[in-house]
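Below: the structure, in structure tokens.
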Amino acid sequence: MARIGLIVGSGALNRDLGWQTTGGRETVFGEAAAPLERGRAGAHEIFALARHGRPHRYAPHAVNYRANLRLLADAGVEAVIALNTVGGISDFAVTEALLLPDQIIDYTWGRALTFSAEDDVRHIDFSEPYDARLRAGLLAAGQGAGVDLHDGGVMGVTQGPRLETAAEIQRMARDGCAMVGMTAMPEAVLARELGLPLACVAMVVNPAAGLATRVIDLEEIRQASINAMVRVAGLLDVFFESYVGLD
Ligand code: HPA
């Protein structure tokens with residue numbers, strides 16, 4: 001049996017895993033966005049966290065990422081799957097595509113981005129920000145579930161909560177970003193600092209700014225998230241079923 005963390009962004013996971021709210025949301029780093037919901041998938045316990053709170057109340061720059069990750073670590077999870085909605089930049093990042101990013105460029109600023117303290121400075125290796133074993137497991141689960149999951153791509157992370165300008169997206173495309181979201185950092189680096197393997201499944205919910213001929217429509221984004229989440233739920237069913245724990 002393993003304990004697996006699941007960070008859910010916009011939208012809900014459409015699965016009844018017997019969810020029960022467990023504990024509070026207090027940590028030594030302040031309050032996490034929400035208490036954890038504990039569920040069961042086969043042999044494993046799943047601890048789901050609503051990244052933005054439930055109901056959705058913390059904007060991307062205002063999420064207490066340190067408390068979120070600390071709460072999951074305190075629950076004893078050995079791995080974390082993060083779900084993120086993104087705007088698509090690369091040709092393959094079409095609306096409703098599911099992507100498994102392998103790299104990050106961090107454009108955020110002013111966020112609490114480390115657990116380092118004055119007498120505890122952490123210089124961690126972050127060359128490969130996402131965990132290879134989890135990524136392989138997710139890719140295999142995609143094949144098993146018949147869900148297309150694009151392997152790789154650079155996740156550009158912007159500050160939000162506004163969407164980007166067209167020029168910012170052009171710059172990000174030149175930098176090599178395949179997708180743009182607002183929450184993958186500092187989440188990924190904090191997990192790494194805690195020694196928690198993390199992988200991200202990104203759901204493309206709109207073409208990034210300036211890449212479509214029309215203004216980004218928030219209702220279309222909402223609908224695309226709902227549609228993508230249905231396929232993510234199918235993918236996770238197989239992922240959890242086939243998950244082999246660390247020991
Ligand atoms: N930009 C940044 N974050 C996002 C987007 C976007 O276009 N779509 C969903 N999350």
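Following the order of the structure tokens, chains are lettered A, B, ..., residues in each are numbered from 1, and ligands are numbered from 1.
With only C-alpha atoms and all ligand atoms counted, the chains near ligand 1 contribute these residues within 6 Å: Thr85, Val86, Gly87, Leu163, Val180, Gly181, Met182, Val205, Asn206 and Ala208 of chain A.
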Show which residues sit within 9 Å of Pro129 of chain A, as a PDB file with C-alpha atoms, in the first residue's frame. Count only C-alpha atoms, and ignore same-chain residues fewer than 5 positions away.
```pdb
ATOM      1  CA  ASP A 102       9.533  17.465 -18.673  1.00  0.00           C
ATOM      2  CA  GLN A 103      10.974  20.937 -18.092  1.00  0.00           C
ATOM      3  CA  ILE A 104      10.099  24.251 -16.485  1.00  0.00           C
ATOM      4  CA  ALA A 188       7.633  21.464  -8.145  1.00  0.00           C
ATOM      5  CA  VAL A 189      10.734  22.817  -6.446  1.00  0.00           C
ATOM      6  CA  ARG A 192      11.915  18.367  -4.626  1.00  0.00           C
ATOM      7  CA  LEU A 198       6.350  14.889  -8.376  1.00  0.00           C
ATOM      8  CA  ALA A 199       5.016  14.769 -11.928  1.00  0.00           C
TER       9      ALA A 199
END
```
Which neighbours of Val215 of chain A fall inside 12 Å, counting only C-alpha atoms, when residues of the same chain fewer than 3 positions from it are skipped, and could you give them as a compact mmCIF listing (two decimals) with N, CA and C atoms, in the first residue's frame?
```
# COMPACT_ATOMS: atom_id res chain seq x y z
N LEU A 163 -3.99 36.81 -17.55
CA LEU A 163 -3.37 36.03 -18.63
C LEU A 163 -2.26 36.89 -19.25
N GLU A 164 -1.49 36.30 -20.16
CA GLU A 164 -0.32 36.96 -20.70
C GLU A 164 -0.70 37.90 -21.84
N THR A 165 0.25 38.76 -22.22
CA THR A 165 0.09 39.53 -23.46
C THR A 165 0.58 38.65 -24.61
N ALA A 166 0.19 39.03 -25.83
CA ALA A 166 0.65 38.28 -27.01
C ALA A 166 2.17 38.33 -27.11
N ASN A 206 -6.90 26.37 -23.46
CA ASN A 206 -7.07 27.49 -24.40
C ASN A 206 -5.77 27.67 -25.17
N PRO A 207 -5.85 28.26 -26.37
CA PRO A 207 -4.62 28.68 -27.04
C PRO A 207 -4.07 29.87 -26.27
N ALA A 208 -2.75 29.91 -26.04
CA ALA A 208 -2.16 31.02 -25.28
C ALA A 208 -2.41 32.35 -26.01
N ALA A 209 -2.23 33.44 -25.29
CA ALA A 209 -2.61 34.76 -25.79
C ALA A 209 -2.00 35.07 -27.16
N GLY A 210 -2.81 35.55 -28.05
CA GLY A 210 -2.34 35.96 -29.37
C GLY A 210 -2.23 34.82 -30.37
N LEU A 211 -2.46 33.60 -29.94
CA LEU A 211 -2.31 32.46 -30.86
C LEU A 211 -3.63 32.05 -31.52
N ALA A 212 -4.72 32.62 -31.06
CA ALA A 212 -6.00 32.39 -31.75
C ALA A 212 -6.48 33.76 -32.22
N LEU A 218 -13.46 32.78 -21.23
CA LEU A 218 -13.36 32.05 -19.96
C LEU A 218 -14.36 30.90 -19.87
N GLU A 219 -15.49 31.03 -20.56
CA GLU A 219 -16.47 29.95 -20.56
C GLU A 219 -15.93 28.75 -21.35
N GLU A 220 -15.21 29.04 -22.46
CA GLU A 220 -14.59 27.95 -23.22
C GLU A 220 -13.52 27.25 -22.39
N ILE A 221 -12.78 28.02 -21.61
CA ILE A 221 -11.75 27.44 -20.73
C ILE A 221 -12.40 26.49 -19.73
```
Quiz item: When DSSP works through the backbone of this structure, what residues of segment 14-214 of chain A end up as alpha helix (DSSP H), shown as a PyMOL selection string?
Solution: chain A and resi 65-74+132-145+166-175+184-193
Output the selection as a PDB file, in the first residue's frame - C-alpha atoms for each residue.
```pdb
ATOM      1  CA  TYR A  65       2.555  26.444  -1.815  1.00  0.00           C
ATOM      2  CA  ARG A  66       4.826  25.680   1.129  1.00  0.00           C
ATOM      3  CA  ALA A  67       1.886  24.800   3.376  1.00  0.00           C
ATOM      4  CA  ASN A  68       0.254  22.767   0.588  1.00  0.00           C
ATOM      5  CA  LEU A  69       3.361  20.631   0.101  1.00  0.00           C
ATOM      6  CA  ARG A  70       4.031  20.385   3.834  1.00  0.00           C
ATOM      7  CA  LEU A  71       0.462  19.158   4.468  1.00  0.00           C
ATOM      8  CA  LEU A  72       0.917  16.382   1.888  1.00  0.00           C
ATOM      9  CA  ALA A  73       4.313  15.443   3.326  1.00  0.00           C
ATOM     10  CA  ASP A  74       2.853  15.399   6.850  1.00  0.00           C
ATOM     11  CA  ALA A 132      11.229  10.090 -14.234  1.00  0.00           C
ATOM     12  CA  ARG A 133       9.585   7.097 -12.549  1.00  0.00           C
ATOM     13  CA  LEU A 134       6.231   8.861 -12.137  1.00  0.00           C
ATOM     14  CA  ARG A 135       6.388  10.216 -15.691  1.00  0.00           C
ATOM     15  CA  ALA A 136       7.001   6.706 -17.048  1.00  0.00           C
ATOM     16  CA  GLY A 137       4.096   5.389 -14.949  1.00  0.00           C
ATOM     17  CA  LEU A 138       1.775   8.099 -16.261  1.00  0.00           C
ATOM     18  CA  LEU A 139       2.799   7.450 -19.870  1.00  0.00           C
ATOM     19  CA  ALA A 140       2.155   3.735 -19.449  1.00  0.00           C
ATOM     20  CA  ALA A 141      -1.191   4.497 -17.789  1.00  0.00           C
ATOM     21  CA  GLY A 142      -2.116   6.727 -20.733  1.00  0.00           C
ATOM     22  CA  GLN A 143      -1.472   3.829 -23.096  1.00  0.00           C
ATOM     23  CA  GLY A 144      -3.391   1.434 -20.853  1.00  0.00           C
ATOM     24  CA  ALA A 145      -6.359   3.794 -20.604  1.00  0.00           C
ATOM     25  CA  ALA A 166       0.649  38.279 -27.006  1.00  0.00           C
ATOM     26  CA  ALA A 167       4.240  39.600 -26.851  1.00  0.00           C
ATOM     27  CA  GLU A 168       4.901  37.696 -23.631  1.00  0.00           C
ATOM     28  CA  ILE A 169       3.711  34.497 -25.302  1.00  0.00           C
ATOM     29  CA  GLN A 170       5.955  35.200 -28.331  1.00  0.00           C
ATOM     30  CA  ARG A 171       8.888  35.568 -25.974  1.00  0.00           C
ATOM     31  CA  MET A 172       7.957  32.351 -24.176  1.00  0.00           C
ATOM     32  CA  ALA A 173       7.724  30.547 -27.526  1.00  0.00           C
ATOM     33  CA  ARG A 174      11.233  31.802 -28.370  1.00  0.00           C
ATOM     34  CA  ASP A 175      12.397  30.545 -24.980  1.00  0.00           C
ATOM     35  CA  ALA A 184       3.627  24.690 -11.445  1.00  0.00           C
ATOM     36  CA  MET A 185       6.186  26.795  -9.579  1.00  0.00           C
ATOM     37  CA  PRO A 186       7.180  26.885  -6.817  1.00  0.00           C
ATOM     38  CA  GLU A 187       5.143  23.695  -6.327  1.00  0.00           C
ATOM     39  CA  ALA A 188       7.633  21.464  -8.145  1.00  0.00           C
ATOM     40  CA  VAL A 189      10.734  22.817  -6.446  1.00  0.00           C
ATOM     41  CA  LEU A 190       9.187  22.644  -2.986  1.00  0.00           C
ATOM     42  CA  ALA A 191       8.307  18.984  -3.567  1.00  0.00           C
ATOM     43  CA  ARG A 192      11.915  18.367  -4.626  1.00  0.00           C
ATOM     44  CA  GLU A 193      13.208  20.091  -1.486  1.00  0.00           C
TER      45      GLU A 193
END
```
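Comparing the minimum interatomic distances between Trp109 of chain A and each of A:Ala62, A:Ile216, A:Leu235, A:Leu246, counting only C-alpha atoms, we find that A:Ala62 sits nearest.
Among the candidates A:Gln223, A:Thr183, A:Ser10, A:Ser242, the residue lying nearest to Tyr107 of chain A is A:Thr183 (atoms considered: only C-alpha atoms).
With only C-alpha atoms as the basis for measurement, A:Gly156 is the residue among A:Gly18, A:Pro161, A:Gly156, A:Gly9 that approaches Pro101 of chain A most closely.
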Quiz item: Interatomic distance between atom CA of Leu194 of chain A and atom CA of Ile46 of chain A?
Solution: 18.6 Å
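Reported to one decimal place, the separation of atom CA of Glu241 of chain A from atom CA of Leu17 of chain A is 12.5 Å.
Near Arg15 of chain A, within 12 Å and counting only C-alpha atoms, sit Ala12, Gly18, Trp19, Gly39, Arg40, Ala41, Ile46, Ala48, Met229, Val230, Arg231, Val232, Ala233, Gly234, Leu235, Leu236 and Asp237 of chain A; same-chain residues fewer than 3 positions away were not included.
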Keeping only all heavy atoms, write those residues as a compact mmCIF listing (two decimals), in the first residue's frame.
```txt
# COMPACT_ATOMS: atom_id res chain seq x y z
N ALA A 12 -12.84 19.58 -10.82
CA ALA A 12 -12.85 18.52 -9.82
C ALA A 12 -12.57 17.19 -10.49
O ALA A 12 -12.88 17.01 -11.67
CB ALA A 12 -14.22 18.49 -9.14
N GLY A 18 -14.43 7.40 -2.35
CA GLY A 18 -14.81 7.33 -0.93
C GLY A 18 -14.18 8.45 -0.14
O GLY A 18 -13.78 8.28 1.01
N TRP A 19 -14.11 9.62 -0.74
CA TRP A 19 -13.39 10.75 -0.15
C TRP A 19 -13.88 11.07 1.26
O TRP A 19 -15.09 11.17 1.49
CB TRP A 19 -13.56 12.01 -1.01
CG TRP A 19 -13.07 11.88 -2.42
CD1 TRP A 19 -13.83 11.93 -3.55
CD2 TRP A 19 -11.72 11.70 -2.85
NE1 TRP A 19 -13.02 11.79 -4.66
CE2 TRP A 19 -11.72 11.64 -4.26
CE3 TRP A 19 -10.50 11.57 -2.18
CZ2 TRP A 19 -10.56 11.47 -5.01
CZ3 TRP A 19 -9.34 11.39 -2.94
CH2 TRP A 19 -9.39 11.35 -4.34
N GLY A 39 -8.97 9.24 -0.04
CA GLY A 39 -9.77 8.25 -0.76
C GLY A 39 -8.97 6.99 -0.95
O GLY A 39 -7.80 6.90 -0.54
N ARG A 40 -9.57 5.98 -1.56
CA ARG A 40 -8.86 4.73 -1.77
C ARG A 40 -8.98 4.34 -3.22
O ARG A 40 -10.05 4.43 -3.82
CB ARG A 40 -9.49 3.65 -0.87
CG ARG A 40 -8.72 2.37 -0.83
CD ARG A 40 -9.15 1.50 0.33
NE ARG A 40 -8.43 1.78 1.56
CZ ARG A 40 -7.16 1.41 1.80
NH1 ARG A 40 -6.48 0.77 0.89
NH2 ARG A 40 -6.59 1.69 2.95
N ALA A 41 -7.85 3.92 -3.80
CA ALA A 41 -7.86 3.41 -5.18
C ALA A 41 -7.10 2.09 -5.14
O ALA A 41 -5.88 2.09 -4.99
CB ALA A 41 -7.18 4.40 -6.12
N ILE A 46 -5.21 7.69 -1.50
CA ILE A 46 -4.99 8.91 -2.27
C ILE A 46 -5.33 10.09 -1.38
O ILE A 46 -6.40 10.12 -0.75
CB ILE A 46 -5.90 8.94 -3.54
CG1 ILE A 46 -5.86 7.60 -4.28
CG2 ILE A 46 -5.53 10.11 -4.44
CD1 ILE A 46 -4.49 7.15 -4.73
N ALA A 48 -6.00 13.91 -1.72
CA ALA A 48 -6.22 14.96 -2.72
C ALA A 48 -6.27 16.32 -2.03
O ALA A 48 -6.87 16.48 -0.96
CB ALA A 48 -7.53 14.71 -3.46
N MET A 229 -10.70 16.91 -17.80
CA MET A 229 -10.69 16.20 -16.51
C MET A 229 -11.30 14.80 -16.63
O MET A 229 -10.92 13.90 -15.89
CB MET A 229 -11.45 17.00 -15.45
CG MET A 229 -10.62 17.95 -14.65
SD MET A 229 -9.12 17.25 -13.97
CE MET A 229 -9.41 17.39 -12.25
N VAL A 230 -12.24 14.62 -17.54
CA VAL A 230 -12.84 13.30 -17.73
C VAL A 230 -11.74 12.32 -18.17
O VAL A 230 -11.64 11.20 -17.67
CB VAL A 230 -13.97 13.36 -18.78
CG1 VAL A 230 -14.46 11.96 -19.15
CG2 VAL A 230 -15.11 14.23 -18.27
N ARG A 231 -10.88 12.79 -19.10
CA ARG A 231 -9.81 11.91 -19.59
C ARG A 231 -8.72 11.74 -18.55
O ARG A 231 -8.13 10.68 -18.41
CB ARG A 231 -9.29 12.42 -20.93
CG ARG A 231 -10.38 12.15 -21.96
CD ARG A 231 -10.22 12.70 -23.35
NE ARG A 231 -8.90 13.01 -23.75
CZ ARG A 231 -8.41 14.27 -23.80
NH1 ARG A 231 -9.17 15.31 -23.46
NH2 ARG A 231 -7.22 14.48 -24.23
N VAL A 232 -8.46 12.79 -17.77
CA VAL A 232 -7.46 12.67 -16.71
C VAL A 232 -7.93 11.63 -15.68
O VAL A 232 -7.14 10.82 -15.19
CB VAL A 232 -7.22 14.03 -16.02
CG1 VAL A 232 -6.42 13.86 -14.73
CG2 VAL A 232 -6.49 14.96 -16.97
N ALA A 233 -9.22 11.62 -15.37
CA ALA A 233 -9.75 10.65 -14.39
C ALA A 233 -9.52 9.22 -14.89
O ALA A 233 -9.11 8.34 -14.13
CB ALA A 233 -11.23 10.92 -14.13
N GLY A 234 -9.74 8.99 -16.19
CA GLY A 234 -9.50 7.66 -16.77
C GLY A 234 -8.03 7.28 -16.69
O GLY A 234 -7.68 6.13 -16.39
N LEU A 235 -7.19 8.24 -16.97
CA LEU A 235 -5.74 8.02 -16.89
C LEU A 235 -5.32 7.67 -15.46
O LEU A 235 -4.55 6.72 -15.23
CB LEU A 235 -5.06 9.32 -17.34
CG LEU A 235 -3.57 9.46 -17.18
CD1 LEU A 235 -2.88 8.71 -18.30
CD2 LEU A 235 -3.16 10.92 -17.24
N LEU A 236 -5.86 8.41 -14.49
CA LEU A 236 -5.46 8.18 -13.10
C LEU A 236 -5.99 6.84 -12.59
O LEU A 236 -5.33 6.19 -11.79
CB LEU A 236 -5.94 9.33 -12.21
CG LEU A 236 -5.20 10.65 -12.42
CD1 LEU A 236 -5.77 11.74 -11.52
CD2 LEU A 236 -3.70 10.51 -12.15
N ASP A 237 -7.17 6.43 -13.06
CA ASP A 237 -7.67 5.10 -12.66
C ASP A 237 -6.60 4.05 -12.93
O ASP A 237 -6.28 3.23 -12.07
CB ASP A 237 -8.91 4.70 -13.48
CG ASP A 237 -10.16 5.48 -13.08
OD1 ASP A 237 -10.16 6.08 -11.99
OD2 ASP A 237 -11.13 5.48 -13.88
```
Quiz item: Which residues come within 12 Å of Ala34 of chain A, counting only C-alpha atoms, excluding same-chain residues fewer than 5 positions away, as a PyMOL selection string?
Solution: chain A and resi 7-9+21-27+47-58+63-65+67-69+71-72
